[in-house]
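Student: Structure incoming, see below.
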Amino acid sequence: MKILVIEDDATTGGYIAKGLREEGHAVDLIAEGREGLLTATAGSYDVLIVDRMLPEVDGLTLIKTLRGAGNATPVLFLTAMGSVEDRIAGLNAGADDYLVKPFAFGEMSARVAALGRRPQPTELETQLSAGDLTLDLLTRKVTRGGQEIDLLPREFALLEFLLRRKGRVQTRTMLLEGVWDLSFDPMTNVVETHISRLRAKVDKPFPNEIIRTVRGAGYRIDG
Amino acid sequence: MKRLWRSTPLRLALALVVMFTTVSLLSLAASYAVTRAAFEQSIRDDLAQDLAGFRAAPSARAVSFLVQAESRDTDPGRLVLSYVAPDGGIYGNGAVARDDEGFHIVSLGDDGATLGNEYLALSAKLYGGRLTIARSRAEIEALRPVFVNILLVSLLPTALIALSGGVILARRSRRHVEVIRRTLERLTGGDLAARVVPGRRWADDLTRIGSAVNEMAQAQEHSVTALRQVSSDIAHDLKTPVQRVSVKLEELAGQVDGDAKALVVDAQHEVAGIAGVFHALLQLAQVENSNLRERFEPVELGALARTIAEVYEPSASAAGQRLETALPAVPVHVRGERTLLGQLLANLIENALRHTLECSTIKVSLWQDAATVTLCVEDDGPGIPEAERAAVLQRLYRLDRSRNTPGNGLGLSLVEGVARLHGAQLSLEDAAPGLRVCLVFKTE
């Protein structure tokens with residue numbers, strides 16, 4: 001993907017650019033708001049990563065201007081605030097997702113991937129599958145290798161969420177937002193316990209595991 | 001009404017009415033006196049004129065004839081003539097003869113229908129007889145009712161109009177002062193966006209006070225905003241270096257093994273802890289900003305509590321603890337901010353999970369009555385000693401026995417802040433054994 005990073009802090013910006021390049025993306029890095037806005041408008045990027053506090057033109061204004069000009073490139077908004085108000089301000093300005101500093105690279109990489117390939121409309125799909133696992137959305141049945149697996153409603157929802165985003169890492173906070181509609185970080189590892197319950201039913205009785213742990217980032221189901 | 005009487009415009013109106021009435025009474029009295037004197041003088045002149053006419057007669061006899069003739073055509077109610085001739089004969093239309101010369105006021109009693117009232121009489125000796133001419137003072141007496149009427153017609157309406165004007169002005173001014181008072185009340189309550197909006201008909205002095213209040217509020221709002229900006233800036237300035245440290249630690253983690261790697265992982269945990277404290281402090285600063293109330297929406301507390309309990313249930317059972325809920329089947333709504341209320345519940349449940357042992361039970365309950373919604377999180381752990389219950393709400397406070405459990409001492413402060421933002425009453429009670437934390441929301 002072609003990604004533009006607009007971040008005034010050289011260490012953070014360099015780190016994001018380096019990491020994303022290692023993952024195979026083409027990355028441009030700009031440290032100032034006005035130039036960032038010009039570059040974003042001129043080039044055709046798949047994803048923009050925009051810091052809130054920037055010299056010249058701040059992040060919120062940049063996103064608003066961009067959206068005002070009809071540019072719909074997905075934006076990941078970086079903020080050091082992380083309060084409800086800042087989150088809503090970012091999303092209202094037109095950002096698609098936001099990330100609170102300090103963040104782990106895995107979290108950011110997962111969110112960039114999610115933005116770059118926004119989920120395709122899948123309303124017509126009635127079955128999701130990965131390997132020998134099948135989830136039927138109509139009968140609400142899950143089978144693996146011909147064997148039916150009994151899941152609680154929320155376990156079903158968690159598995160469905162991961163299957164719909166097959167091949168992409170989902171972080172703990174993305175799962176909390178997507179499955180439970182909770183936009184805050186719990187202190188303890190609550191998501192892990194849900195995943196391990198799901199794994200006990202979906203993976204443990206079978207020779208190979210479908211739900212992968214991605215170190216420092218989250219979970220992924222491979223296709 | 002009592003407060004109305006004490007208002008400035010009504011007092012001014014009353015004072016003006018009293019002053020105006022006094023001045024009017026005085027001037028009316030003065031004009032009455034002057035008019036009366038003028039009338040009296042004119043009667044005296046007439047009497048002198050009359051007397052001069054009779055003096056022109058050549059003899060007592062002629063005077064007698066004249067008096068007799070004049071009396072026939074004269075209404076004794078207006079003019080009384082009397083001449084006592086030297087021979088003792090009495091002529092005229094009334095007995096007002098006097099021995100002394102000059103002007104007198106005489107009262108011709110009730111002895112005749114036509115004779116009443118007072119007369120001004122002039123007596124003089126004439127050709128050995130005594131002539132007395134008396135003119136009625138009825139005209140002068142008639143002045144009194146005239147002046148009383150003038151008083152009634154002019155003074156009473158004026159006083160009434162002035163008084164009711166005063167009442168109207170007092171009412172209006174009370175409304176205007178009330179606007180200023182309410183604004184000040186809102187400002188005191190922390191709503192720094194409150195402003196006095198003067199009406200078009202406001203008096204100048206009130207408008208000036210209003211703008212002074214507004215300027216004061218503006219200044220206060222500026223300094224509070226500046227303060228908030230400073231804390232946001234500090235958070236930003238410190239979070240960025242923390243981000244750099246975590247970036248470098250992550251790079252380092254990829255380059256070392258063994259003991260060094262374990263150290264790096266430890267350092268990463270510490271950095272995450274620092275970031276957590278900043279985050280919690282920012283959240284605290286945020287809930288102290290009452291502007292959030294403008295974004296309040298109905299939040300279904302039952303569903304929220306169910307979701308949060310569901311999120312934590314596997315963690316509880318993994319630790320051998322039980323997480324139970326007692327939630328009503330019907331929706332329970334309060335006005336609030338869902339994310340913050342979720343964070344509040346999560347903090348309470350995490351606290352309970354953290355500070356109780358295996359086999360303990362944590363219960364989340366919710367119920368609603370006529371005017372309140374109550375949300376409680378209860379555990380059967382060691383509880384909090386009564387003396388320390390207020391202290392645990394303070395920032396960064398930790399019980400001695402909790403020093404070695406994870407947490408930064410900000411969880412309950414945030415609970416307290418979120419409760420205050422929502423106008424909910426927070427209480428920490430002894431669940432015998434254990435701790436019960438309850439929030440009582442008012443529903444209108």
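Chain labels follow the order of the structure tokens: the first chain is A, the next B, and so on; residue numbering restarts at 1 in every chain, and ligands are counted from 1 in their shown order.
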Would you tabulate, counting only C-alpha atoms, all residues of chain B that have an atom at most 8 Å from an atom of chain A, showing the closest pair of atoms and their distance in Å to one decimal, sorted by chain then ascending number, as JSON lines?

Tutor:
{"residue": "B:Ser232", "atom": "CA", "partner": "A:Met81", "partner_atom": "CA", "distance": 6.8}
{"residue": "B:Ala235", "atom": "CA", "partner": "A:Ala80", "partner_atom": "CA", "distance": 6.9}
{"residue": "B:His236", "atom": "CA", "partner": "A:Ala80", "partner_atom": "CA", "distance": 5.1}
{"residue": "B:Lys239", "atom": "CA", "partner": "A:Ala80", "partner_atom": "CA", "distance": 6.2}
{"residue": "B:Thr240", "atom": "CA", "partner": "A:Pro102", "partner_atom": "CA", "distance": 7.0}
{"residue": "B:Val242", "atom": "CA", "partner": "A:Pro102", "partner_atom": "CA", "distance": 6.5}
{"residue": "B:Gln243", "atom": "CA", "partner": "A:Pro102", "partner_atom": "CA", "distance": 4.4}
{"residue": "B:Arg244", "atom": "CA", "partner": "A:Thr11", "partner_atom": "CA", "distance": 6.1}
{"residue": "B:Ser246", "atom": "CA", "partner": "A:Pro102", "partner_atom": "CA", "distance": 7.4}
{"residue": "B:Val247", "atom": "CA", "partner": "A:Tyr15", "partner_atom": "CA", "distance": 6.9}
{"residue": "B:Ala275", "atom": "CA", "partner": "A:Pro102", "partner_atom": "CA", "distance": 6.8}
{"residue": "B:His279", "atom": "CA", "partner": "A:Gly82", "partner_atom": "CA", "distance": 7.1}
{"residue": "B:Leu282", "atom": "CA", "partner": "A:Ser83", "partner_atom": "CA", "distance": 6.8}
{"residue": "B:Gln283", "atom": "CA", "partner": "A:Ser83", "partner_atom": "CA", "distance": 5.7}
{"residue": "B:Gln286", "atom": "CA", "partner": "A:Ser83", "partner_atom": "CA", "distance": 6.6}
{"residue": "B:Leu292", "atom": "CA", "partner": "A:Glu85", "partner_atom": "CA", "distance": 7.8}
{"residue": "B:Thr307", "atom": "CA", "partner": "A:Trp180", "partner_atom": "CA", "distance": 6.8}
{"residue": "B:Val311", "atom": "CA", "partner": "A:Val190", "partner_atom": "CA", "distance": 6.5}
{"residue": "B:Tyr312", "atom": "CA", "partner": "A:Val190", "partner_atom": "CA", "distance": 6.0}
{"residue": "B:Pro314", "atom": "CA", "partner": "A:Thr193", "partner_atom": "CA", "distance": 5.6}
{"residue": "B:Ser315", "atom": "CA", "partner": "A:Val190", "partner_atom": "CA", "distance": 5.8}
{"residue": "B:Ala318", "atom": "CA", "partner": "A:Thr193", "partner_atom": "CA", "distance": 7.6}
{"residue": "B:Thr339", "atom": "CA", "partner": "A:Ser183", "partner_atom": "CA", "distance": 6.4}
{"residue": "B:Leu340", "atom": "CA", "partner": "A:Val84", "partner_atom": "CA", "distance": 8.0}
{"residue": "B:Gly342", "atom": "CA", "partner": "A:Leu182", "partner_atom": "CA", "distance": 7.5}
{"residue": "B:Gln343", "atom": "CA", "partner": "A:Phe184", "partner_atom": "CA", "distance": 6.8}
{"residue": "B:Ala346", "atom": "CA", "partner": "A:Pro186", "partner_atom": "CA", "distance": 7.0}
{"residue": "B:Glu350", "atom": "CA", "partner": "A:Thr188", "partner_atom": "CA", "distance": 7.6}

Student: If you count only C-alpha atoms, which residues fall within 10 Å of region 160-166 of chain A, apart from same-chain ones fewer than 4 positions away, as a PyMOL selection string?

Tutor: chain A and resi 114+117-120+122+127-130+133-137+142+154-156+170+175+178-179+211+219-223

Student: What's around region 182-184 of chain B at 10 Å? Count only C-alpha atoms, leave out sequence neighbours fewer than 4 positions away in its own chain, and write the answer as an mmCIF file with all heavy atoms, in the first residue's frame.

Tutor:
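Contents of the output file part23.cif:
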data_model
loop_
_atom_site.group_PDB
_atom_site.id
_atom_site.type_symbol
_atom_site.label_atom_id
_atom_site.label_comp_id
_atom_site.auth_asym_id
_atom_site.auth_seq_id
_atom_site.Cartn_x
_atom_site.Cartn_y
_atom_site.Cartn_z
ATOM 1 N N VAL B 177 -32.921 41.474 37.268
ATOM 2 C CA VAL B 177 -31.933 41.117 38.286
ATOM 3 C C VAL B 177 -31.868 39.597 38.429
ATOM 4 O O VAL B 177 -30.798 39.011 38.595
ATOM 5 C CB VAL B 177 -32.291 41.783 39.639
ATOM 6 C CG1 VAL B 177 -31.434 41.217 40.759
ATOM 7 C CG2 VAL B 177 -32.095 43.284 39.545
ATOM 8 N N GLU B 178 -33.062 38.964 38.288
ATOM 9 C CA GLU B 178 -33.127 37.500 38.387
ATOM 10 C C GLU B 178 -32.273 36.845 37.291
ATOM 11 O O GLU B 178 -31.609 35.835 37.525
ATOM 12 C CB GLU B 178 -34.600 37.070 38.275
ATOM 13 C CG GLU B 178 -34.866 35.584 38.434
ATOM 14 C CD GLU B 178 -34.550 35.073 39.832
ATOM 15 O OE1 GLU B 178 -34.371 35.905 40.745
ATOM 16 O OE2 GLU B 178 -34.464 33.851 39.988
ATOM 17 N N THR B 188 -21.182 29.895 39.336
ATOM 18 C CA THR B 188 -20.686 29.320 40.582
ATOM 19 C C THR B 188 -20.731 27.799 40.509
ATOM 20 O O THR B 188 -19.861 27.123 41.037
ATOM 21 C CB THR B 188 -21.548 29.796 41.773
ATOM 22 O OG1 THR B 188 -21.777 31.183 41.620
ATOM 23 C CG2 THR B 188 -20.872 29.515 43.088
ATOM 24 N N GLY B 189 -21.758 27.267 39.819
ATOM 25 C CA GLY B 189 -21.894 25.821 39.674
ATOM 26 C C GLY B 189 -20.909 25.209 38.691
ATOM 27 O O GLY B 189 -20.940 24.008 38.457
ATOM 28 N N GLY B 190 -20.046 26.046 38.098
ATOM 29 C CA GLY B 190 -19.006 25.486 37.234
ATOM 30 C C GLY B 190 -19.310 25.605 35.748
ATOM 31 O O GLY B 190 -18.493 25.233 34.913
ATOM 32 N N ASP B 191 -20.495 26.136 35.413
ATOM 33 C CA ASP B 191 -20.823 26.295 34.000
ATOM 34 C C ASP B 191 -20.272 27.641 33.529
ATOM 35 O O ASP B 191 -20.955 28.655 33.548
ATOM 36 C CB ASP B 191 -22.340 26.237 33.832
ATOM 37 C CG ASP B 191 -22.739 26.424 32.374
ATOM 38 O OD1 ASP B 191 -21.830 26.489 31.522
ATOM 39 O OD2 ASP B 191 -23.939 26.496 32.102
ATOM 40 N N LEU B 192 -19.018 27.627 33.104
ATOM 41 C CA LEU B 192 -18.351 28.890 32.773
ATOM 42 C C LEU B 192 -18.817 29.465 31.446
ATOM 43 O O LEU B 192 -18.440 30.558 31.077
ATOM 44 C CB LEU B 192 -16.833 28.684 32.752
ATOM 45 C CG LEU B 192 -16.223 28.356 34.112
ATOM 46 C CD1 LEU B 192 -14.722 28.223 34.005
ATOM 47 C CD2 LEU B 192 -16.574 29.421 35.131
ATOM 48 N N ALA B 193 -19.652 28.725 30.728
ATOM 49 C CA ALA B 193 -20.153 29.241 29.456
ATOM 50 C C ALA B 193 -21.391 30.110 29.683
ATOM 51 O O ALA B 193 -21.885 30.736 28.760
ATOM 52 C CB ALA B 193 -20.475 28.090 28.522
ATOM 53 N N ALA B 194 -21.877 30.178 30.937
ATOM 54 C CA ALA B 194 -23.087 30.955 31.233
ATOM 55 C C ALA B 194 -22.811 32.446 31.025
ATOM 56 O O ALA B 194 -21.770 32.949 31.418
ATOM 57 C CB ALA B 194 -23.526 30.688 32.665
ATOM 58 N N ARG B 195 -23.769 33.144 30.395
ATOM 59 C CA ARG B 195 -23.615 34.580 30.151
ATOM 60 C C ARG B 195 -24.936 35.287 30.400
ATOM 61 O O ARG B 195 -25.997 34.701 30.212
ATOM 62 C CB ARG B 195 -23.214 34.849 28.697
ATOM 63 C CG ARG B 195 -21.804 34.387 28.323
ATOM 64 C CD ARG B 195 -20.738 35.264 28.962
ATOM 65 N NE ARG B 195 -19.423 34.830 28.550
ATOM 66 C CZ ARG B 195 -18.727 33.859 29.139
ATOM 67 N NH1 ARG B 195 -19.241 33.231 30.172
ATOM 68 N NH2 ARG B 195 -17.542 33.513 28.715
ATOM 69 N N VAL B 196 -24.856 36.564 30.805
ATOM 70 C CA VAL B 196 -26.055 37.384 30.955
ATOM 71 C C VAL B 196 -26.461 37.882 29.573
ATOM 72 O O VAL B 196 -25.644 38.458 28.859
ATOM 73 C CB VAL B 196 -25.780 38.599 31.871
ATOM 74 C CG1 VAL B 196 -27.005 39.478 31.955
ATOM 75 C CG2 VAL B 196 -25.350 38.133 33.240
ATOM 76 N N VAL B 197 -27.688 37.608 29.178
ATOM 77 C CA VAL B 197 -28.175 38.124 27.900
ATOM 78 C C VAL B 197 -29.175 39.238 28.205
ATOM 79 O O VAL B 197 -30.309 38.977 28.589
ATOM 80 C CB VAL B 197 -28.863 37.016 27.082
ATOM 81 C CG1 VAL B 197 -29.244 37.545 25.715
ATOM 82 C CG2 VAL B 197 -27.941 35.815 26.947
ATOM 83 N N GLY B 210 -24.497 43.545 33.893
ATOM 84 C CA GLY B 210 -24.521 42.327 33.068
ATOM 85 C C GLY B 210 -23.243 42.167 32.285
ATOM 86 O O GLY B 210 -22.626 41.097 32.293
ATOM 87 N N VAL B 213 -20.422 41.189 34.541
ATOM 88 C CA VAL B 213 -20.487 39.767 34.889
ATOM 89 C C VAL B 213 -19.950 38.926 33.727
ATOM 90 O O VAL B 213 -19.158 38.003 33.908
ATOM 91 C CB VAL B 213 -21.940 39.353 35.233
ATOM 92 C CG1 VAL B 213 -22.081 37.837 35.285
ATOM 93 C CG2 VAL B 213 -22.360 39.962 36.554
ATOM 94 N N ASN B 214 -20.376 39.285 32.505
ATOM 95 C CA ASN B 214 -19.926 38.539 31.336
ATOM 96 C C ASN B 214 -18.414 38.613 31.159
ATOM 97 O O ASN B 214 -17.776 37.617 30.841
ATOM 98 C CB ASN B 214 -20.612 39.065 30.076
ATOM 99 C CG ASN B 214 -22.059 38.631 30.016
ATOM 100 O OD1 ASN B 214 -22.494 37.837 30.856
ATOM 101 N ND2 ASN B 214 -22.793 39.130 29.054
ATOM 102 N N ALA B 217 -16.843 36.328 33.654
ATOM 103 C CA ALA B 217 -16.997 34.925 33.267
ATOM 104 C C ALA B 217 -16.044 34.578 32.132
ATOM 105 O O ALA B 217 -15.416 33.518 32.121
ATOM 106 C CB ALA B 217 -18.437 34.653 32.848
#

Student: Among region 69-198 of chain A, which ones does DSSP assign to helix (DSSP H, G or I) (computed from the backbone)? Answer as a ChimeraX atom specification.

Tutor: /A:84-93,105-116,153-164,172-180,190-198

Student: In Å, how far is it from CA of Asp204 (chain B) to CA of Glu221 (chain B)?

Tutor: 25.4 Å

Student: Could you tell me which of A:Arg111, A:Thr171, A:Ala95, A:Asn208 comes closest to Gly145 (chain A) if we count only C-alpha atoms?

Tutor: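 Smallest distance to Gly145 (chain A) is found for A:Asn208.
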
Student: Within region 15-85 of chain A, find each residue whose DSSP state, derived from the backbone, is strand (DSSP E), and express the selection as a list in words.

Tutor: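 Selection result, strand (DSSP E) within region 15-85 of chain A: Ala26, Val27, Asp28, Leu29, Ile30, Val47, Leu48, Ile49, Val50, Asp51, Val75, Leu76, Phe77, Leu78 and Thr79 of chain A.
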
Student: Tell me which protein, DNA and RNA residues are within 9 Å of Ala352 (chain B), counting only C-alpha atoms, leaving out same-chain ones fewer than 5 positions away, and put them as a list in words.

Tutor: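 Final neighbour list, sorted by chain and number: Asn347, Ile362, Val377, Glu378, Asp379, Asp380, Gly381 and Leu435 of chain B.
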
Student: Kindly export the residues of the current selection with N, CA, C and O atoms, as a compact mmCIF listing (two decimals), in the first residue's frame.

Tutor:
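Written file, out.txt:
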# COMPACT_ATOMS: atom_id res chain seq x y z
N ASN B 347 -13.76 -0.23 36.00
CA ASN B 347 -12.86 0.06 37.12
C ASN B 347 -13.33 -0.62 38.40
O ASN B 347 -12.53 -1.18 39.15
N ILE B 362 -18.34 -11.65 43.12
CA ILE B 362 -18.53 -10.23 42.83
C ILE B 362 -19.89 -10.10 42.17
O ILE B 362 -20.23 -10.86 41.27
N VAL B 377 -21.75 -2.44 42.78
CA VAL B 377 -20.80 -3.54 42.59
C VAL B 377 -20.35 -3.94 43.99
O VAL B 377 -19.88 -3.10 44.76
N GLU B 378 -20.54 -5.23 44.30
CA GLU B 378 -20.35 -5.69 45.67
C GLU B 378 -19.43 -6.90 45.66
O GLU B 378 -19.52 -7.75 44.77
N ASP B 379 -18.51 -6.98 46.63
CA ASP B 379 -17.70 -8.19 46.72
C ASP B 379 -17.71 -8.68 48.16
O ASP B 379 -18.22 -8.00 49.05
N ASP B 380 -17.18 -9.91 48.38
CA ASP B 380 -17.14 -10.43 49.75
C ASP B 380 -15.69 -10.55 50.22
O ASP B 380 -15.34 -11.45 50.96
N GLY B 381 -14.86 -9.62 49.73
CA GLY B 381 -13.45 -9.62 50.10
C GLY B 381 -13.20 -8.87 51.40
O GLY B 381 -14.11 -8.74 52.22
N LEU B 435 -16.88 -5.13 50.27
CA LEU B 435 -17.11 -3.72 49.94
C LEU B 435 -18.28 -3.63 48.97
O LEU B 435 -18.40 -4.44 48.05

Student: Name the closest residue to Lys442 (chain B) among the candidates B:Leu281, B:Leu375, B:Ala30, B:Ala262; distances are taken between atoms, counting only C-alpha atoms.

Tutor: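 For Lys442 (chain B), the nearest of the candidates is B:Leu375.
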
Student: Could you tell me how far CA of Asn93 (chain B) sits from CA of Asp50 (chain B), in Å to one decimal place?

Tutor: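 CA of Asp50 (chain B) sits 15.2 Å away from CA of Asn93 (chain B).
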
Student: Go ahead and compute the interatomic distance for CA of Thr73 (chain A) and CA of Leu60 (chain A), in Å to one decimal.

Tutor: 14.8 Å
